[in-house]
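File shown: run-v1.pdb. Contents: PDB, C-alpha atoms.
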MODEL        1
ATOM      1  CA  MET R   1     243.637 130.456  97.037
ATOM      2  CA  LEU R   2     240.122 131.396  98.152
ATOM      3  CA  LYS R   3     241.031 135.092  98.149
ATOM      4  CA  LYS R   4     242.404 134.756  94.626
ATOM      5  CA  GLY R   5     239.181 133.069  93.512
ATOM      6  CA  GLU R   6     237.068 135.806  95.126
ATOM      7  CA  ASN R   7     239.158 138.448  93.386
ATOM      8  CA  ILE R   8     238.717 136.752  90.011
ATOM      9  CA  PHE R   9     234.964 136.299  90.551
ATOM     10  CA  PHE R  10     234.254 139.846  91.696
ATOM     11  CA  GLN R  11     236.856 141.896  89.816
ATOM     12  CA  ARG R  12     237.782 140.270  86.514
ATOM     13  CA  LYS R  13     235.905 141.268  83.399
ATOM     14  CA  ILE R  14     234.528 138.330  81.467
ATOM     15  CA  GLY R  15     234.284 139.646  77.940
ATOM     16  CA  ASP R  16     232.094 142.516  79.033
ATOM     17  CA  THR R  17     233.298 145.809  77.610
ATOM     18  CA  PHE R  18     230.279 147.927  78.483
ATOM     19  CA  GLY R  19     229.243 146.905  81.974
ATOM     20  CA  PHE R  20     226.760 144.001  82.032
ATOM     21  CA  GLN R  21     228.575 142.525  85.031
ATOM     22  CA  LYS R  22     227.751 145.738  86.873
ATOM     23  CA  VAL R  23     224.063 145.317  86.088
ATOM     24  CA  PHE R  24     223.639 141.634  86.775
ATOM     25  CA  GLY R  25     226.445 141.180  89.281
ATOM     26  CA  PHE R  26     225.523 143.762  91.887
ATOM     27  CA  ARG R  27     222.399 144.615  93.783
ATOM     28  CA  ALA R  28     222.114 148.098  92.295
ATOM     29  CA  GLY R  29     221.720 146.497  88.877
ATOM     30  CA  VAL R  30     219.139 144.040  90.137
ATOM     31  CA  ALA R  31     217.250 146.922  91.746
ATOM     32  CA  ILE R  32     217.224 148.748  88.395
ATOM     33  CA  LEU R  33     215.698 145.672  86.758
ATOM     34  CA  GLN R  34     213.399 144.696  89.639
ATOM     35  CA  GLU R  35     210.182 145.460  87.734
ATOM     36  CA  GLU R  36     211.370 143.489  84.709
ATOM     37  CA  LEU R  37     212.438 140.515  86.837
ATOM     38  CA  GLN R  38     209.121 140.369  88.689
ATOM     39  CA  SER R  39     207.125 140.642  85.465
ATOM     40  CA  ALA R  40     209.179 137.925  83.750
ATOM     41  CA  ILE R  41     208.814 135.556  86.704
ATOM     42  CA  ALA R  42     205.051 136.182  86.840
ATOM     43  CA  THR R  43     204.870 135.363  83.121
ATOM     44  CA  LEU R  44     206.403 131.945  83.838
ATOM     45  CA  GLY R  45     203.181 130.960  85.640
ATOM     46  CA  GLY R  46     205.070 128.929  88.221
ATOM     47  CA  GLN R  47     207.124 127.008  85.670
ATOM     48  CA  PRO R  48     210.909 126.743  86.063
ATOM     49  CA  THR R  49     213.485 128.178  83.666
ATOM     50  CA  SER R  50     217.250 128.114  83.273
ATOM     51  CA  ASN R  51     217.338 131.300  81.181
ATOM     52  CA  LEU R  52     214.906 133.944  82.409
ATOM     53  CA  SER R  53     213.959 136.313  79.582
ATOM     54  CA  ILE R  54     213.037 139.832  80.578
ATOM     55  CA  ILE R  55     211.427 142.581  78.546
ATOM     56  CA  LEU R  56     212.751 146.032  79.349
ATOM     57  CA  GLN R  57     209.967 148.259  80.691
ATOM     58  CA  LYS R  58     212.011 151.407  80.163
ATOM     59  CA  ASP R  59     215.109 152.548  78.307
ATOM     60  CA  ILE R  60     218.193 151.553  80.318
ATOM     61  CA  LYS R  61     221.654 153.022  79.864
ATOM     62  CA  ILE R  62     224.566 150.714  80.645
ATOM     63  CA  GLY R  63     227.942 152.283  80.122
ATOM     64  CA  SER R  64     227.846 153.969  76.743
ATOM     65  CA  ARG R  65     224.953 151.908  75.385
ATOM     66  CA  THR R  66     221.234 152.524  75.754
ATOM     67  CA  PHE R  67     218.906 149.544  75.554
ATOM     68  CA  PRO R  68     215.404 150.461  74.396
ATOM     69  CA  LYS R  69     212.135 149.742  76.134
ATOM     70  CA  GLY R  70     210.646 146.497  74.787
ATOM     71  CA  LEU R  71     213.988 144.764  74.182
ATOM     72  CA  VAL R  72     213.878 141.067  75.107
ATOM     73  CA  PHE R  73     216.938 140.186  77.129
ATOM     74  CA  ASN R  74     217.997 136.613  78.008
ATOM     75  CA  THR R  75     219.573 136.789  81.455
ATOM     76  CA  GLY R  76     220.714 133.208  81.993
ATOM     77  CA  LEU R  77     219.146 133.370  85.459
ATOM     78  CA  ASP R  78     217.496 130.246  86.876
ATOM     79  CA  VAL R  79     214.062 130.275  88.498
ATOM     80  CA  GLU R  80     212.821 127.151  90.245
ATOM     81  CA  LYS R  81     209.287 125.800  89.842
ATOM     82  CA  GLY R  82     206.987 128.094  91.797
ATOM     83  CA  GLY R  83     209.908 130.462  92.471
ATOM     84  CA  THR R  84     209.415 134.150  93.068
ATOM     85  CA  PHE R  85     213.003 135.287  92.534
ATOM     86  CA  PRO R  86     216.002 133.992  90.552
ATOM     87  CA  LEU R  87     218.089 131.313  92.250
ATOM     88  CA  GLY R  88     221.285 132.587  93.799
ATOM     89  CA  LEU R  89     219.876 136.063  94.407
ATOM     90  CA  ASN R  90     218.335 137.172  97.652
ATOM     91  CA  ALA R  91     215.347 139.481  97.179
ATOM     92  CA  LYS R  92     215.992 141.283 100.485
ATOM     93  CA  ALA R  93     219.692 141.762  99.743
ATOM     94  CA  THR R  94     218.951 143.310  96.363
ATOM     95  CA  GLN R  95     216.754 146.101  97.703
ATOM     96  CA  LEU R  96     218.773 149.246  98.012
ATOM     97  CA  ALA R  97     218.628 151.023 101.324
ATOM     98  CA  PRO R  98     217.271 154.568 101.092
ATOM     99  CA  SER R  99     219.843 157.298 101.354
ATOM    100  CA  PRO R 100     219.989 159.151 104.684
ATOM    101  CA  ALA R 101     218.467 162.221 103.016
ATOM    102  CA  SER R 102     215.385 160.252 101.898
ATOM    103  CA  PRO R 103     212.233 160.473 104.027
TER
ENDMDL
END

Render the structure in this file as structure tokens.
Amino acid sequence: MLKKGENIFFQRKIGDTFGFQKVFGFRAGVAILQEELQSAIATLGGQPTSNLSIILQKDIKIGSRTFPKGLVFNTGLDVEKGGTFPLGLNAKATQLAPSPASP
């Protein structure tokens, strides 16, 4: 039953036809939005939120859609009072390791 639940959680699309689960569900996506997340959290001034809003700092292509710089995006992510990263995400786990060819 646990394996079935894991499969549903990690593999099943939830009404997402152009890939948002790939952006917000995996560390590569969080790494792409790292600057936006940090800026949005700083803007909170230490206050909590249950729906972190980010402003795209650059155009971002997700699947076949391109989201323009300046777009305000409600993520649904929670940030606790005084928090420095969204709850449920680990800042260290979201940093991508450099490729072996990188210096």

Exercise for the section: Check the smallest atom-to-atom distance from each of R:Gly46, R:Lys4, R:Glu36, R:Gly88 to Ile60 of chain R using only C-alpha atoms, then report the winner. Expected result: R:Glu36

Problem - Who sits within 10 Å of Ala42 of chain R, all atoms listed in the file, same chain under 3 positions skipped, as a PyMOL selection string - result: chain R and resi 36-39+45-47+82-85

Practice task
Quick one: pull the distance between atom CA of Ile62 of chain R and atom CA of Ile32 of chain R, Å, one decimal.
Solution key: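 Going from atom CA of Ile62 of chain R over to atom CA of Ile32 of chain R covers 10.9 Å.
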
Practice task
May I ask for the distance between atom CA of Val79 of chain R and atom CA of Thr43 of chain R, given in Å to one decimal place?
Solution key: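 Separation between atom CA of Val79 of chain R and atom CA of Thr43 of chain R: 11.8 Å.
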
Practice task
Could you give me, as a ChimeraX atom specification, the residues within 6 Å of segment 51-54 of chain R, counting all atoms listed in the file and dropping anything in the same chain fewer than 2 positions from it?
Solution key: /R:36,40,49,72-78

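Of note, atom CA of Lys69 of chain R and atom CA of Ile55 of chain R are spaced 7.6 Å apart.
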
Take segment 64-87 of chain R from the preceding structure and save C-alpha atoms as a PDB file, in the first residue's frame.
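What ended up in result.pdb:
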ATOM      1  CA  SER R  64       5.635  24.244 -24.382  1.00  0.00           C
ATOM      2  CA  ARG R  65       4.814  27.409 -22.442  1.00  0.00           C
ATOM      3  CA  THR R  66       7.058  30.364 -21.680  1.00  0.00           C
ATOM      4  CA  PHE R  67       6.297  32.433 -18.600  1.00  0.00           C
ATOM      5  CA  PRO R  68       7.532  36.017 -18.867  1.00  0.00           C
ATOM      6  CA  LYS R  69       9.806  37.858 -16.487  1.00  0.00           C
ATOM      7  CA  GLY R  70       7.718  39.825 -13.971  1.00  0.00           C
ATOM      8  CA  LEU R  71       4.856  37.311 -13.800  1.00  0.00           C
ATOM      9  CA  VAL R  72       3.515  36.900 -10.255  1.00  0.00           C
ATOM     10  CA  PHE R  73       3.105  33.230  -9.484  1.00  0.00           C
ATOM     11  CA  ASN R  74       1.282  31.854  -6.411  1.00  0.00           C
ATOM     12  CA  THR R  75       3.119  28.686  -5.416  1.00  0.00           C
ATOM     13  CA  GLY R  76       1.016  27.422  -2.519  1.00  0.00           C
ATOM     14  CA  LEU R  77       4.246  26.907  -0.571  1.00  0.00           C
ATOM     15  CA  ASP R  78       4.249  27.540   3.182  1.00  0.00           C
ATOM     16  CA  VAL R  79       6.928  29.585   4.933  1.00  0.00           C
ATOM     17  CA  GLU R  80       6.983  29.697   8.719  1.00  0.00           C
ATOM     18  CA  LYS R  81       7.512  32.899  10.704  1.00  0.00           C
ATOM     19  CA  GLY R  82      11.178  33.815  10.387  1.00  0.00           C
ATOM     20  CA  GLY R  83      11.673  30.991   7.863  1.00  0.00           C
ATOM     21  CA  THR R  84      14.352  31.102   5.215  1.00  0.00           C
ATOM     22  CA  PHE R  85      13.019  28.352   2.954  1.00  0.00           C
ATOM     23  CA  PRO R  86       9.578  26.862   2.220  1.00  0.00           C
ATOM     24  CA  LEU R  87       8.375  24.183   4.625  1.00  0.00           C
TER      25      LEU R  87
END
